[in-house]
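Q: I'm passing along start14.cif; it holds mmCIF, N, CA and C atoms.
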data_run
#
loop_
_atom_site.label_atom_id
_atom_site.label_comp_id
_atom_site.auth_asym_id
_atom_site.auth_seq_id
_atom_site.Cartn_x
_atom_site.Cartn_y
_atom_site.Cartn_z
N MET A 1 0.82 -1.18 0.00
CA MET A 1 0.00 0.00 0.00
C MET A 1 0.87 1.25 0.00
N SER A 2 1.94 1.26 0.78
CA SER A 2 2.75 2.47 0.86
C SER A 2 3.49 2.72 -0.45
N LEU A 3 3.92 1.67 -1.14
CA LEU A 3 4.55 1.87 -2.44
C LEU A 3 3.58 2.49 -3.44
N TRP A 4 2.34 2.04 -3.42
CA TRP A 4 1.33 2.60 -4.32
C TRP A 4 1.07 4.06 -3.99
N GLN A 5 0.93 4.36 -2.71
CA GLN A 5 0.67 5.75 -2.32
C GLN A 5 1.86 6.64 -2.66
N TRP A 6 3.06 6.11 -2.55
CA TRP A 6 4.25 6.91 -2.82
C TRP A 6 4.48 7.09 -4.32
N LEU A 7 4.36 5.98 -5.09
CA LEU A 7 4.63 6.06 -6.53
C LEU A 7 3.47 6.65 -7.33
N ALA A 8 2.27 6.12 -7.14
CA ALA A 8 1.13 6.52 -7.98
C ALA A 8 0.49 7.82 -7.52
N TRP A 9 0.34 7.98 -6.22
CA TRP A 9 -0.35 9.16 -5.72
C TRP A 9 0.60 10.30 -5.39
N GLY A 10 1.89 10.03 -5.32
CA GLY A 10 2.87 11.07 -5.05
C GLY A 10 2.86 11.60 -3.63
N MET A 11 2.40 10.80 -2.69
CA MET A 11 2.38 11.24 -1.29
C MET A 11 3.79 11.28 -0.73
N ASP A 12 4.08 12.30 0.06
CA ASP A 12 5.39 12.40 0.69
C ASP A 12 5.57 11.39 1.82
N ARG A 13 4.51 11.21 2.61
CA ARG A 13 4.56 10.28 3.74
C ARG A 13 3.34 9.37 3.68
N PRO A 14 3.46 8.24 2.99
CA PRO A 14 2.33 7.30 2.93
C PRO A 14 1.98 6.80 4.32
N GLY A 15 0.69 6.60 4.54
CA GLY A 15 0.27 6.14 5.85
C GLY A 15 -0.77 5.05 5.81
N GLY A 16 -0.95 4.43 4.65
CA GLY A 16 -1.98 3.41 4.55
C GLY A 16 -3.33 4.05 4.79
N SER A 17 -4.07 3.52 5.73
CA SER A 17 -5.35 4.13 6.08
C SER A 17 -5.31 4.73 7.48
N THR A 18 -4.10 4.93 8.02
CA THR A 18 -3.93 5.51 9.36
C THR A 18 -2.96 6.69 9.26
N ASN A 19 -2.58 7.19 10.40
CA ASN A 19 -1.58 8.23 10.52
C ASN A 19 -0.22 7.65 10.08
N PRO A 20 0.63 8.41 9.36
CA PRO A 20 1.93 7.88 8.93
C PRO A 20 2.81 7.39 10.07
N ILE A 21 2.73 8.02 11.24
CA ILE A 21 3.54 7.59 12.37
C ILE A 21 3.07 6.22 12.86
N GLN A 22 1.78 6.05 13.00
CA GLN A 22 1.24 4.74 13.40
C GLN A 22 1.56 3.68 12.36
N TYR A 23 1.42 4.04 11.09
CA TYR A 23 1.70 3.10 10.00
C TYR A 23 3.16 2.67 10.03
N GLY A 24 4.06 3.60 10.28
CA GLY A 24 5.48 3.28 10.36
C GLY A 24 5.79 2.37 11.54
N ASN A 25 5.13 2.62 12.67
CA ASN A 25 5.35 1.77 13.84
C ASN A 25 4.83 0.35 13.62
N ILE A 26 3.68 0.23 13.00
CA ILE A 26 3.13 -1.09 12.70
C ILE A 26 4.04 -1.81 11.70
N SER A 27 4.54 -1.09 10.72
CA SER A 27 5.44 -1.69 9.74
C SER A 27 6.74 -2.15 10.39
N ALA A 28 7.26 -1.36 11.31
CA ALA A 28 8.48 -1.75 12.02
C ALA A 28 8.24 -3.01 12.85
N LEU A 29 7.09 -3.09 13.49
CA LEU A 29 6.74 -4.29 14.25
C LEU A 29 6.67 -5.51 13.34
N LEU A 30 6.06 -5.35 12.17
CA LEU A 30 5.97 -6.46 11.22
C LEU A 30 7.35 -6.86 10.72
N ALA A 31 8.26 -5.92 10.56
CA ALA A 31 9.63 -6.24 10.14
C ALA A 31 10.33 -7.08 11.21
N VAL A 32 10.15 -6.71 12.47
CA VAL A 32 10.78 -7.46 13.56
C VAL A 32 10.20 -8.86 13.65
N LEU A 33 8.88 -8.98 13.54
CA LEU A 33 8.25 -10.30 13.59
C LEU A 33 8.67 -11.17 12.41
N SER A 34 8.80 -10.59 11.24
CA SER A 34 9.25 -11.35 10.07
C SER A 34 10.71 -11.76 10.22
N ALA A 35 11.52 -10.89 10.81
CA ALA A 35 12.92 -11.24 11.05
C ALA A 35 13.02 -12.41 12.04
N TYR A 36 12.18 -12.40 13.06
CA TYR A 36 12.15 -13.52 13.99
C TYR A 36 11.74 -14.80 13.26
N GLY A 37 10.73 -14.70 12.41
CA GLY A 37 10.30 -15.87 11.64
C GLY A 37 11.40 -16.37 10.73
N LEU A 38 12.14 -15.47 10.12
CA LEU A 38 13.26 -15.87 9.27
C LEU A 38 14.35 -16.57 10.07
N ALA A 39 14.68 -16.01 11.23
CA ALA A 39 15.69 -16.64 12.09
C ALA A 39 15.25 -18.04 12.53
N ARG A 40 13.98 -18.17 12.84
CA ARG A 40 13.45 -19.48 13.26
C ARG A 40 13.47 -20.47 12.09
N ALA A 41 13.11 -19.99 10.90
CA ALA A 41 13.13 -20.86 9.72
C ALA A 41 14.54 -21.32 9.40
N LEU A 42 15.52 -20.43 9.58
CA LEU A 42 16.91 -20.81 9.35
C LEU A 42 17.39 -21.81 10.40
N ALA A 43 17.01 -21.59 11.65
CA ALA A 43 17.46 -22.48 12.72
C ALA A 43 16.86 -23.88 12.61
N LEU A 44 15.61 -23.96 12.17
CA LEU A 44 14.94 -25.25 12.09
C LEU A 44 15.11 -25.93 10.73
N GLY A 45 15.75 -25.24 9.80
CA GLY A 45 16.00 -25.83 8.49
C GLY A 45 14.76 -25.98 7.64
N HIS A 46 13.87 -25.01 7.70
CA HIS A 46 12.67 -25.05 6.87
C HIS A 46 13.05 -24.89 5.40
N GLY A 47 12.08 -25.13 4.54
CA GLY A 47 12.32 -25.05 3.10
C GLY A 47 12.61 -23.64 2.62
N LEU A 48 13.07 -23.58 1.39
CA LEU A 48 13.44 -22.29 0.79
C LEU A 48 12.24 -21.36 0.68
N ARG A 49 11.06 -21.90 0.42
CA ARG A 49 9.87 -21.05 0.29
C ARG A 49 9.60 -20.27 1.57
N TRP A 50 9.72 -20.91 2.72
CA TRP A 50 9.47 -20.21 3.99
C TRP A 50 10.52 -19.13 4.23
N LYS A 51 11.76 -19.45 3.90
CA LYS A 51 12.82 -18.46 4.10
C LYS A 51 12.61 -17.24 3.20
N LEU A 52 12.24 -17.48 1.95
CA LEU A 52 11.98 -16.37 1.03
C LEU A 52 10.76 -15.56 1.46
N LEU A 53 9.75 -16.24 1.95
CA LEU A 53 8.55 -15.54 2.41
C LEU A 53 8.87 -14.60 3.56
N HIS A 54 9.62 -15.09 4.53
CA HIS A 54 9.98 -14.24 5.68
C HIS A 54 10.94 -13.12 5.27
N ALA A 55 11.89 -13.42 4.39
CA ALA A 55 12.83 -12.39 3.93
C ALA A 55 12.08 -11.29 3.17
N THR A 56 11.12 -11.68 2.35
CA THR A 56 10.31 -10.70 1.64
C THR A 56 9.50 -9.85 2.62
N GLY A 57 8.98 -10.48 3.65
CA GLY A 57 8.24 -9.75 4.68
C GLY A 57 9.11 -8.72 5.37
N VAL A 58 10.34 -9.10 5.68
CA VAL A 58 11.26 -8.15 6.33
C VAL A 58 11.53 -6.97 5.40
N LEU A 59 11.86 -7.25 4.14
CA LEU A 59 12.19 -6.17 3.21
C LEU A 59 11.01 -5.24 2.96
N MET A 60 9.85 -5.79 2.73
CA MET A 60 8.69 -4.95 2.43
C MET A 60 8.27 -4.13 3.65
N ALA A 61 8.35 -4.71 4.83
CA ALA A 61 8.00 -3.97 6.04
C ALA A 61 9.00 -2.84 6.29
N LEU A 62 10.28 -3.08 6.01
CA LEU A 62 11.27 -2.01 6.17
C LEU A 62 11.06 -0.90 5.15
N VAL A 63 10.69 -1.27 3.93
CA VAL A 63 10.38 -0.25 2.91
C VAL A 63 9.20 0.60 3.36
N ALA A 64 8.16 -0.05 3.87
CA ALA A 64 6.98 0.69 4.34
C ALA A 64 7.34 1.62 5.49
N THR A 65 8.21 1.15 6.39
CA THR A 65 8.64 1.99 7.51
C THR A 65 9.41 3.21 7.02
N LEU A 66 10.33 2.99 6.10
CA LEU A 66 11.13 4.10 5.58
C LEU A 66 10.27 5.09 4.79
N LEU A 67 9.34 4.59 4.00
CA LEU A 67 8.50 5.49 3.22
C LEU A 67 7.55 6.31 4.09
N SER A 68 7.18 5.78 5.24
CA SER A 68 6.27 6.51 6.11
C SER A 68 6.95 7.70 6.79
N GLY A 69 8.27 7.69 6.79
CA GLY A 69 9.01 8.78 7.41
C GLY A 69 9.13 8.68 8.91
N SER A 70 8.78 7.54 9.46
CA SER A 70 8.90 7.35 10.91
C SER A 70 10.34 7.03 11.26
N PRO A 71 10.84 7.58 12.36
CA PRO A 71 12.23 7.31 12.75
C PRO A 71 12.41 5.92 13.29
#
Translate this structure into structure tokens?
A:
Amino acid sequence: MSLWQWLAWGMDRPGGSTNPIQYGNISALLAVLSAYGLARALALGHGLRWKLLHATGVLMALVATLLSGSP
């Protein structure tokens, strides 16, 4: 959602459907949870699909956090 708001709508601080600060905090939380899932998948030797899914979650959540302008 934040990529769409940033690229297509030209918003300076995308916020999804909430305040940009709240959106950034939620995105940061999702990045941490996805990083934990990735670490767990690596430790337990899960398949490549799970590792890629968690890694994608980390990257997209970090992008959303950065685009929201939250510190």
Q: Fewer than 2 positions away in the same chain doesn't count, so skip those; otherwise give me all residues within 10 Å of A:Leu66, counting only C-alpha atoms, as a PyMOL selection string.
A: chain A and resi 2+13-14+24+27-28+60-64+68-71
Q: Do you have the atom N of A:Trp4-atom N of A:Thr65 distance handy?
A: 11.5 Å
Q: Report, in Å to a single decimal, how far apart atom C of A:Tyr23 and atom N of A:Tyr36 are.
A: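 Straight-line distance from atom N of A:Tyr36 to atom C of A:Tyr23 works out to 17.8 Å.
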Q: So what do you get for atom C of A:Leu42 versus atom C of A:Ala55, distance-wise?
A: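 If I compute the distance from atom C of A:Leu42 to atom C of A:Ala55, I get 13.8 Å.
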Q: Can you spell out as a list in words the set of residues that the PyMOL selection byres ((chain A and resi 57) around 8) selects in the structure I just provided?
A: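 Evaluating the PyMOL selection byres ((chain A and resi 57) around 8) on this file yields Leu30, Ala31, Val32, Leu33, Ser34, Ala35, Lys51, Leu52, Leu53, His54, Ala55, Thr56, Val58, Leu59, Met60, Ala61, Leu62 and Val63 of chain A.
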Q: Based on DSSP run over this structure's backbone, return all residues of chain A in helix (DSSP H, G or I), as a PyMOL selection string.
A: chain A and resi 2-7+20-44+48-68
Q: Complete the atom set of stretch 24-35 of chain A to all heavy atoms and return it as a CSV table (one decimal), in the frame of the given file.
A:
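Printed below is result.csv as written:
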chain,number,residue,atom,x,y,z
A,24,GLY,N,4.1,3.6,10.3
A,24,GLY,CA,5.5,3.3,10.4
A,24,GLY,C,5.8,2.4,11.5
A,24,GLY,O,6.6,1.4,11.4
A,25,ASN,N,5.1,2.6,12.7
A,25,ASN,CA,5.4,1.8,13.8
A,25,ASN,C,4.8,0.4,13.6
A,25,ASN,O,5.5,-0.6,14.0
A,25,ASN,CB,4.7,2.4,15.1
A,25,ASN,CG,5.4,3.6,15.6
A,25,ASN,OD1,6.6,3.8,15.2
A,25,ASN,ND2,4.7,4.4,16.3
A,26,ILE,N,3.7,0.2,13.0
A,26,ILE,CA,3.1,-1.1,12.7
A,26,ILE,C,4.0,-1.8,11.7
A,26,ILE,O,4.3,-3.0,11.8
A,26,ILE,CB,1.7,-1.0,12.2
A,26,ILE,CG1,0.8,-0.5,13.3
A,26,ILE,CG2,1.2,-2.3,11.6
A,26,ILE,CD1,-0.6,-0.1,12.8
A,27,SER,N,4.5,-1.1,10.7
A,27,SER,CA,5.4,-1.7,9.7
A,27,SER,C,6.7,-2.2,10.4
A,27,SER,O,7.3,-3.2,10.0
A,27,SER,CB,5.7,-0.7,8.6
A,27,SER,OG,4.6,-0.3,7.9
A,28,ALA,N,7.3,-1.4,11.3
A,28,ALA,CA,8.5,-1.8,12.0
A,28,ALA,C,8.2,-3.0,12.8
A,28,ALA,O,9.1,-3.9,12.9
A,28,ALA,CB,9.0,-0.6,12.9
A,29,LEU,N,7.1,-3.1,13.5
A,29,LEU,CA,6.7,-4.3,14.2
A,29,LEU,C,6.7,-5.5,13.3
A,29,LEU,O,7.2,-6.6,13.7
A,29,LEU,CB,5.4,-4.1,15.0
A,29,LEU,CG,4.9,-5.3,15.7
A,29,LEU,CD1,5.8,-5.7,16.8
A,29,LEU,CD2,3.5,-5.1,16.2
A,30,LEU,N,6.1,-5.4,12.2
A,30,LEU,CA,6.0,-6.5,11.2
A,30,LEU,C,7.4,-6.9,10.7
A,30,LEU,O,7.6,-8.1,10.5
A,30,LEU,CB,5.1,-6.1,10.1
A,30,LEU,CG,3.6,-6.0,10.4
A,30,LEU,CD1,2.8,-5.5,9.2
A,30,LEU,CD2,3.1,-7.4,10.9
A,31,ALA,N,8.3,-5.9,10.6
A,31,ALA,CA,9.6,-6.2,10.1
A,31,ALA,C,10.3,-7.1,11.2
A,31,ALA,O,11.0,-8.1,10.9
A,31,ALA,CB,10.4,-5.0,9.9
A,32,VAL,N,10.2,-6.7,12.5
A,32,VAL,CA,10.8,-7.5,13.6
A,32,VAL,C,10.2,-8.9,13.6
A,32,VAL,O,10.9,-9.9,13.8
A,32,VAL,CB,10.6,-6.7,14.9
A,32,VAL,CG1,11.0,-7.6,16.1
A,32,VAL,CG2,11.4,-5.4,14.9
A,33,LEU,N,8.9,-9.0,13.5
A,33,LEU,CA,8.2,-10.3,13.6
A,33,LEU,C,8.7,-11.2,12.4
A,33,LEU,O,8.9,-12.4,12.6
A,33,LEU,CB,6.7,-10.2,13.6
A,33,LEU,CG,6.2,-9.6,14.9
A,33,LEU,CD1,4.7,-9.3,14.8
A,33,LEU,CD2,6.5,-10.4,16.1
A,34,SER,N,8.8,-10.6,11.2
A,34,SER,CA,9.2,-11.4,10.1
A,34,SER,C,10.7,-11.8,10.2
A,34,SER,O,11.1,-12.9,9.8
A,34,SER,CB,9.1,-10.5,8.8
A,34,SER,OG,7.7,-10.3,8.5
A,35,ALA,N,11.5,-10.9,10.8
A,35,ALA,CA,12.9,-11.2,11.0
A,35,ALA,C,13.0,-12.4,12.0
A,35,ALA,O,13.9,-13.3,11.9
A,35,ALA,CB,13.7,-10.0,11.6
